[in-house]
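Beneath this line is the structure, given in structure tokens, with notes to follow.
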Amino acid sequence: MLGQTWPATGRWPAPRAGIRDAARCLLRSDLESPRTGRDFTRGTLADWQLCRLAEDATVVVSELVTNAVRHGMRGVLHAAHARPIQLMLLKHDHRLVTVVTDAGDELVASPAPALNDFLENGRGLHVIDAISTTWGWARLAGGGKAVWAAFDTPA
């Protein structure tokens with residue numbers, strides 16, 4: 001991963017056209033949320049006739065939600081009830097954007113090169129970078145952050 005360029009802090013994906021469809025799912029900060037997010041994503045993409053993106057998008061959503069559950073709520077008192085994790089899917093004319101928000105203000109760190117190829121965790125951002133067109137994150141005006149990944153949609 002030498003020479004890897006990670007997204008700049010605070011940048012949002014630039015849509016190529018207006019949003020055509022949007023879907024939102026509120027998630028609890030628990031171990032069932034990644035599965036709930038995957039199911040929601042698969043169902044939504046089937047409704048939008050974007051099944052060709054479902055496999056990659058569900059992997060990315062799973063990683064984003066897992067990171068929000070593990071790291072995004074750290075140090076946030078009562079955030080799970082007051083401000084749940086949100087999963088949003090935005091369909092543009094030529095792009096699908098997956099967004100996961102959480103109440104945490106912890107920065108999204110660029111992943112360090114793997115020191116041990118046999119570790120079972122710590123590769124989520126590498127996976128997201130490998131299978132999405134682009135990704136990034138931004139602080140939210142009311143606190144917390146949004147981490148997003150975008151996919152070019154088939155013509």
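Every chain in the structure tokens takes a letter, A first, then B, and so on in the order presented; its residues are numbered from 1, and the ligands are numbered from 1 following the presented order.
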message: Please list as a list of chain:residue names every residue within 8 Å of Val61 of chain A, counting only C-alpha atoms and excluding residues in the same chain fewer than 5 positions away.
response: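 Answer for this query is A:Pro34, A:Gly37, A:Arg38, A:Thr41, A:Thr98, A:Val100.
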How about saving the chosen residues, N, CA, C and O atoms kept, as a CSV table (one decimal), in the first residue's frame?
```
chain,number,residue,atom,x,y,z
A,34,PRO,N,-24.7,-4.6,11.7
A,34,PRO,CA,-24.1,-4.8,10.4
A,34,PRO,C,-25.0,-5.7,9.5
A,34,PRO,O,-25.2,-5.5,8.3
A,37,GLY,N,-27.9,-3.7,8.4
A,37,GLY,CA,-27.5,-2.8,7.3
A,37,GLY,C,-27.4,-3.5,6.0
A,37,GLY,O,-27.7,-3.0,4.9
A,38,ARG,N,-26.8,-4.8,6.0
A,38,ARG,CA,-26.6,-5.5,4.8
A,38,ARG,C,-28.0,-5.9,4.2
A,38,ARG,O,-28.2,-5.8,3.0
A,41,THR,N,-29.6,-2.9,2.7
A,41,THR,CA,-28.9,-2.5,1.4
A,41,THR,C,-29.3,-3.4,0.3
A,41,THR,O,-29.7,-2.9,-0.8
A,98,THR,N,-23.2,5.3,-0.4
A,98,THR,CA,-23.6,4.7,0.9
A,98,THR,C,-23.0,5.6,2.0
A,98,THR,O,-21.8,6.0,1.9
A,100,VAL,N,-22.8,6.3,6.3
A,100,VAL,CA,-23.1,5.8,7.7
A,100,VAL,C,-22.7,7.0,8.6
A,100,VAL,O,-21.5,7.5,8.5
```
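With only C-alpha atoms taken into account, the protein and nucleic acid residues at most 10 Å from Val60 of chain A (excluding it and anything under 2 positions from it in its own chain) are Arg38, Ala54, Glu55, Asp56, Ala57, Thr58, Ser62, Glu63, Leu64, Val65, Thr66, Thr98, Val99, Gly124, Leu125, Val127, Ile128, Asp129, Ala130, Ile131, Ser132, Trp148, Ala149 and Ala150 of chain A.
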- prompt: From the set A:Val69, A:Leu107, A:Ala46, A:Leu140, which residue has the shortest atom-to-atom contact distance to Ser29 of chain A, counting only C-alpha atoms?
  reply: A:Val69
Between atom CA of Cys25 of chain A and atom CA of Leu87 of chain A, distance in Å (one decimal):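 Atom CA of Cys25 of chain A sits 5.1 Å away from atom CA of Leu87 of chain A.
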message: Please list as a PyMOL selection string every residue within 12 Å of segment 47-52 of chain A, counting only C-alpha atoms and excluding residues in the same chain fewer than 5 positions away.
response: chain A and resi 20-23+40-42+57-58+89-96+151-155
- line: The residue from A:Asp39, A:Thr134, A:Gly142, A:Asp30 with the smallest atom-to-atom distance to Val97 of chain A, counting only C-alpha atoms, is A:Thr134
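Relative to atom CA of Gly43 of chain A, atom CA of Leu31 of chain A is found at 20.1 Å.
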field: strand (DSSP E) call set, DSSP backbone run, segment 16-79 of chain A, as a PyMOL selection string
entry: chain A and resi 19-27
